[in-house]
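> This structure is in structure tokens; I'll ask about it shortly.
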Amino acid sequence: MSSSAPPAIENRLSRSPFAGPGEDGRRLWRAAGEAVLAGVVVLLTYQAESWIAARLVGGVSVLGVFGVALVLVRRRFPAASALGLAALMGVVPAVALLTAVAAYTAARQLGTPRRRVGLLLGAAVSTMVVCVVSAPPLDLGSWLFGLALSAVLAVTTVVVPGLVGVAAGQQDRLVRALRERTAAAEEARRLVDSESRVRERSRIAAEMHDLVGHRLSLVSLHAGGLEMVLRKDAPELRDEAIVVGRAARDAMHELRQVLGVLGPVGRDTGTDALTDATGTSADIEALVEESRGVGIPVEFCWEGPDLGGRPALVRRAVHRVVREALTNIHRYAAGAHVTVAVRHADERVEVRVRNGVPPVPPAAATGLGTGRGLTGLRERVALLGGDLEAERTPGGGFAVAADIPADPGPGAEATAAEPYEKGPGGPVAEPGGGLSALQRRVAGALSGLLGLAGVGLMMLFGLMLVHDAQIGAHYRSEEEPRVGMSRERVERAVSFDSDMVRAAAAGREPPRPASATECLYPYVGEETKGGRLQIVRYCFRSDTLIAIDHFTVPVVTETVTGPSRGKRTHD
């Protein structure tokens, strides 16, 4: 029961239309807040673009609610949300900013370039097609005006936010890949360090096997000799000697079994072999002479008494620190001046190995070494309760310094080794880790609002240009003006009112109808014979055309004794 419940719950939660990839829960509170914000954005955009959406009185609210619903599910259905809002924007430009949000989200979530390009192209084309087709029926203008309007909307609310979303998505994937690579590198380094510590402990165990085995062999040998002597001189003590010898042999056997768990460990040979002189002044001097024999100038200094009376683990640690430091110098700083200093005080043993800048810089990658030597040294020194530091010097060289207790206490090993057991692994810090989750969310929300405001300003600027171009070009319908038409339909059928024609007709036009409240004097641009200007006057009562008058006036004003009525026909 318990094993089948979590997948069911996870599948149920993943079906929430308001949750994005990798999000759990229904996210109802976030959806409610976004719905309110989207409604406010639609209302503000509608107020700014009322000259466009005025033909949809009664339908803007329904379509606007539909647009809000589409933007709420953009995380779960990014492509459908972006395409639906893009098509809806062709009819209701008030949802343009919601389309920008959906296009940004979809372009950020889609992983393949082909899908992103197809989505943005499809959204832009759907906006243009719907706007071009719906512009004449909604009396917005000709299909050319619809094409210009849709081009502005598609570029500002689909293409630009989509490109920003593509860049943000690529950044998200890059950060995610870098985070995974960093975590893998940290884990690999932790494993390498752990292996180095295990190897060093195995080496220490092998060394202790040699030391303890040697002592136990001596005990067993002396017990055997004692047994032979006591057989004649004191037979009653012979059994005690046999017990001692048997115990020594059993201890050797058990020691081999315990150390066999560590696996095969290569043993040191030559000057690296463990002897009673390991770590003494003579032993360190031999290591220095080996380095001098290969052409490295080494200066050696020993202060204090020799280490012959100190524990073997301490002497072995001193030997290993000096040997590892000199080995690294052979590899990476051949020819550099080297100083080896050992100072033995009452309670501490200090080892310092320092080298200068090599005369010939080493190659970028020598291919030598595994980088585990210093990690093993730290483990060995830490097991004794000491400390080891390895770092570059200000002059460009390198220094290794070890501070080791001369007589480690019985609890030093466990205490000193504890920090190294934890390893360097751990969670990888995320970008902006210094900020809290709430601060990051607030910063993201503010950035989104600023970006949305920028898109809105850019869109309004483009719409103003399209509107001004429409006024300059003046879309004229093919419908002939007739009595009873509305003023707006008449203005779309003829040119705009001309102040020049109105001034020319002043004092020379026939009387207006008594019920007329306003007249329109469009410029016709035709002249009759005799240099007279053809004028058409449209008179309205309460924005309804009630009379169409055709008359002519002279082009050049002449001095007359009375007002000239000219030739006139009345419809």
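Within each chain, counting starts at residue 1; across the structure tokens, chains are named A, B, ... in the order shown, with ligands numbered 1 upward in that order.
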Could you give me, as a ChimeraX atom specification, the residues within 10 Å of Ser81 in chain A, counting only C-alpha atoms and dropping anything in the same chain fewer than 5 positions from it?

/A:67,69-76,86,98-99,101-103,105-106

> Please list as a ChimeraX atom specification every residue within 7 Å of Gly165 in chain A, counting only C-alpha atoms and excluding residues in the same chain fewer than 3 positions away.

/A:104-105,107-108,161-162,168-169

> With distances taken over only C-alpha atoms, which of A:Val553, A:Tyr538, A:Asp172, A:Ala94 is nearest to Gln47 in chain A?

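Residue with the minimum atom-to-atom distance to Gln47 in chain A: A:Ala94.
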
> Counting only C-alpha atoms, figure out which residue out of A:Leu226, A:Ala148, A:Val40, A:Leu533 gets nearest to Val95 in chain A.

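Checking each of A:Leu226, A:Ala148, A:Val40, A:Leu533 against Val95 in chain A, counting only C-alpha atoms, the winner is A:Val40.
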
> For Gly146 in chain A, which residue out of A:Glu324, A:Val117, A:Val466, A:Pro359 is the nearest one, using only C-alpha atoms?

A:Val466

> Would you pick out the contacts of Gly90 in chain A at 9 Å or less, using only C-alpha atoms, so that residues sharing its chain but fewer than 5 positions from it are not included, and give the list as a PyMOL selection string?

chain A and resi 85+96+126-135+146+149-150+153

> Using N, CA, C and O atoms, can you export the residues from the last selection as a PDB file, in the first residue's frame?


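Result went into selection-v9.pdb, see below:
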ATOM      1  N   LEU A  85      -3.378  32.656 -27.334  1.00  0.00           N
ATOM      2  CA  LEU A  85      -3.362  34.093 -27.053  1.00  0.00           C
ATOM      3  C   LEU A  85      -2.924  34.894 -28.272  1.00  0.00           C
ATOM      4  O   LEU A  85      -3.398  36.012 -28.488  1.00  0.00           O
ATOM      5  N   ALA A  96      -2.653  41.704 -25.484  1.00  0.00           N
ATOM      6  CA  ALA A  96      -1.320  41.667 -26.075  1.00  0.00           C
ATOM      7  C   ALA A  96      -0.246  41.386 -25.022  1.00  0.00           C
ATOM      8  O   ALA A  96       0.671  40.588 -25.256  1.00  0.00           O
ATOM      9  N   SER A 126      -0.261  33.405 -36.884  1.00  0.00           N
ATOM     10  CA  SER A 126      -1.671  33.363 -36.479  1.00  0.00           C
ATOM     11  C   SER A 126      -2.177  34.753 -36.105  1.00  0.00           C
ATOM     12  O   SER A 126      -3.317  35.117 -36.443  1.00  0.00           O
ATOM     13  N   THR A 127      -1.354  35.549 -35.446  1.00  0.00           N
ATOM     14  CA  THR A 127      -1.764  36.920 -35.128  1.00  0.00           C
ATOM     15  C   THR A 127      -2.033  37.727 -36.389  1.00  0.00           C
ATOM     16  O   THR A 127      -3.046  38.429 -36.508  1.00  0.00           O
ATOM     17  N   MET A 128      -1.144  37.624 -37.358  1.00  0.00           N
ATOM     18  CA  MET A 128      -1.279  38.418 -38.575  1.00  0.00           C
ATOM     19  C   MET A 128      -2.476  37.967 -39.399  1.00  0.00           C
ATOM     20  O   MET A 128      -3.230  38.795 -39.943  1.00  0.00           O
ATOM     21  N   VAL A 129      -2.677  36.652 -39.494  1.00  0.00           N
ATOM     22  CA  VAL A 129      -3.808  36.158 -40.298  1.00  0.00           C
ATOM     23  C   VAL A 129      -5.134  36.585 -39.694  1.00  0.00           C
ATOM     24  O   VAL A 129      -6.032  37.086 -40.389  1.00  0.00           O
ATOM     25  N   VAL A 130      -5.277  36.394 -38.375  1.00  0.00           N
ATOM     26  CA  VAL A 130      -6.545  36.753 -37.720  1.00  0.00           C
ATOM     27  C   VAL A 130      -6.797  38.250 -37.813  1.00  0.00           C
ATOM     28  O   VAL A 130      -7.927  38.697 -38.076  1.00  0.00           O
ATOM     29  N   CYS A 131      -5.767  39.055 -37.613  1.00  0.00           N
ATOM     30  CA  CYS A 131      -5.950  40.507 -37.647  1.00  0.00           C
ATOM     31  C   CYS A 131      -6.281  40.998 -39.057  1.00  0.00           C
ATOM     32  O   CYS A 131      -7.131  41.876 -39.234  1.00  0.00           O
ATOM     33  N   VAL A 132      -5.621  40.453 -40.072  1.00  0.00           N
ATOM     34  CA  VAL A 132      -5.893  40.860 -41.453  1.00  0.00           C
ATOM     35  C   VAL A 132      -7.317  40.496 -41.845  1.00  0.00           C
ATOM     36  O   VAL A 132      -8.035  41.271 -42.510  1.00  0.00           O
ATOM     37  N   VAL A 133      -7.777  39.297 -41.436  1.00  0.00           N
ATOM     38  CA  VAL A 133      -9.118  38.845 -41.809  1.00  0.00           C
ATOM     39  C   VAL A 133     -10.201  39.619 -41.057  1.00  0.00           C
ATOM     40  O   VAL A 133     -11.259  39.931 -41.612  1.00  0.00           O
ATOM     41  N   SER A 134      -9.939  39.956 -39.789  1.00  0.00           N
ATOM     42  CA  SER A 134     -10.991  40.574 -38.969  1.00  0.00           C
ATOM     43  C   SER A 134     -11.025  42.094 -39.045  1.00  0.00           C
ATOM     44  O   SER A 134     -11.986  42.713 -38.577  1.00  0.00           O
ATOM     45  N   ALA A 135     -10.001  42.728 -39.604  1.00  0.00           N
ATOM     46  CA  ALA A 135      -9.975  44.195 -39.631  1.00  0.00           C
ATOM     47  C   ALA A 135     -11.131  44.795 -40.429  1.00  0.00           C
ATOM     48  O   ALA A 135     -11.825  45.697 -39.929  1.00  0.00           O
ATOM     49  N   GLY A 146      -4.884  46.164 -41.156  1.00  0.00           N
ATOM     50  CA  GLY A 146      -4.792  44.983 -40.302  1.00  0.00           C
ATOM     51  C   GLY A 146      -3.426  44.334 -40.362  1.00  0.00           C
ATOM     52  O   GLY A 146      -2.899  43.846 -39.350  1.00  0.00           O
ATOM     53  N   LEU A 149      -1.075  46.600 -38.336  1.00  0.00           N
ATOM     54  CA  LEU A 149      -1.363  46.454 -36.905  1.00  0.00           C
ATOM     55  C   LEU A 149      -0.860  45.111 -36.378  1.00  0.00           C
ATOM     56  O   LEU A 149      -0.234  45.031 -35.315  1.00  0.00           O
ATOM     57  N   SER A 150      -1.107  44.041 -37.122  1.00  0.00           N
ATOM     58  CA  SER A 150      -0.680  42.719 -36.665  1.00  0.00           C
ATOM     59  C   SER A 150       0.841  42.582 -36.671  1.00  0.00           C
ATOM     60  O   SER A 150       1.414  41.880 -35.823  1.00  0.00           O
ATOM     61  N   LEU A 153       2.013  44.141 -33.436  1.00  0.00           N
ATOM     62  CA  LEU A 153       1.688  43.286 -32.297  1.00  0.00           C
ATOM     63  C   LEU A 153       2.545  42.025 -32.279  1.00  0.00           C
ATOM     64  O   LEU A 153       3.014  41.586 -31.222  1.00  0.00           O
TER      65      LEU A 153
END

> Quick one: distance from CA of Gly84 in chain A to CA of Leu446 in chain A in Å, one decimal?

26.2 Å

> Report, in Å with one decimal, the straight-line distance from CA of Val494 in chain A to CA of Leu463 in chain A.

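CA of Val494 in chain A sits 24.0 Å away from CA of Leu463 in chain A.
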
> Which residue out of A:Arg537, A:Arg343, A:Arg315, A:Arg440 has the minimum interatomic distance to His550 in chain A when only C-alpha atoms are used?

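Among the listed residues, A:Arg537 lies closest to His550 in chain A.
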
> Nearest to Glu285 in chain A among A:Phe300, A:Arg173, A:Ala188, A:Arg482, with distances taken over only C-alpha atoms: which residue is it?

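Among the listed residues, A:Phe300 lies closest to Glu285 in chain A.
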
> Residues at most 10 Å from Val357 in chain A, counting only C-alpha atoms, excluding those fewer than 2 positions away in the same chain, as a list in words?

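Near neighbours after the sequence-gap exclusion: Ala333, Ala334, Gly335, Ala336, His337, Val338, Asn355, Pro359, Val360, Pro361, Thr393, Gly395, Gly396, Gly397 and Phe398 of chain A.
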
> Considering only C-alpha atoms, return as a list in words whatever protein or nucleic-acid residues lie within 12 Å of Asp549 in chain A, sequence-local ones (same chain, fewer than 3 positions apart) excluded.

Pro481, Arg482, Val483, Ala505, Glu509, Pro510, Pro511, Arg512, Pro513, Cys519, Leu520, Tyr521, Pro522, Gln534, Ile535, Val536, Arg537, Tyr538, Cys539, Phe540, Leu545, Ile546, Thr552, Lys567, Arg568, Thr569, His570 and Asp571 of chain A

> Counting only C-alpha atoms, which of A:Arg532, A:Arg392, A:Arg541, A:Arg502 gets nearest to Ser486 in chain A?

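Residue with the minimum atom-to-atom distance to Ser486 in chain A: A:Arg541.
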
> Skipping near chain neighbours, those fewer than 5 positions away, what residues fall within 8 Å of Ala124 in chain A using only C-alpha atoms, listed as JSON, numbers by chain?

{"A": [86, 154, 155, 158, 159]}

> Any idea what the distance is between CA of Gly118 in chain A and CA of Thr157 in chain A?

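Taking CA of Gly118 in chain A and CA of Thr157 in chain A, their separation equals 16.0 Å.
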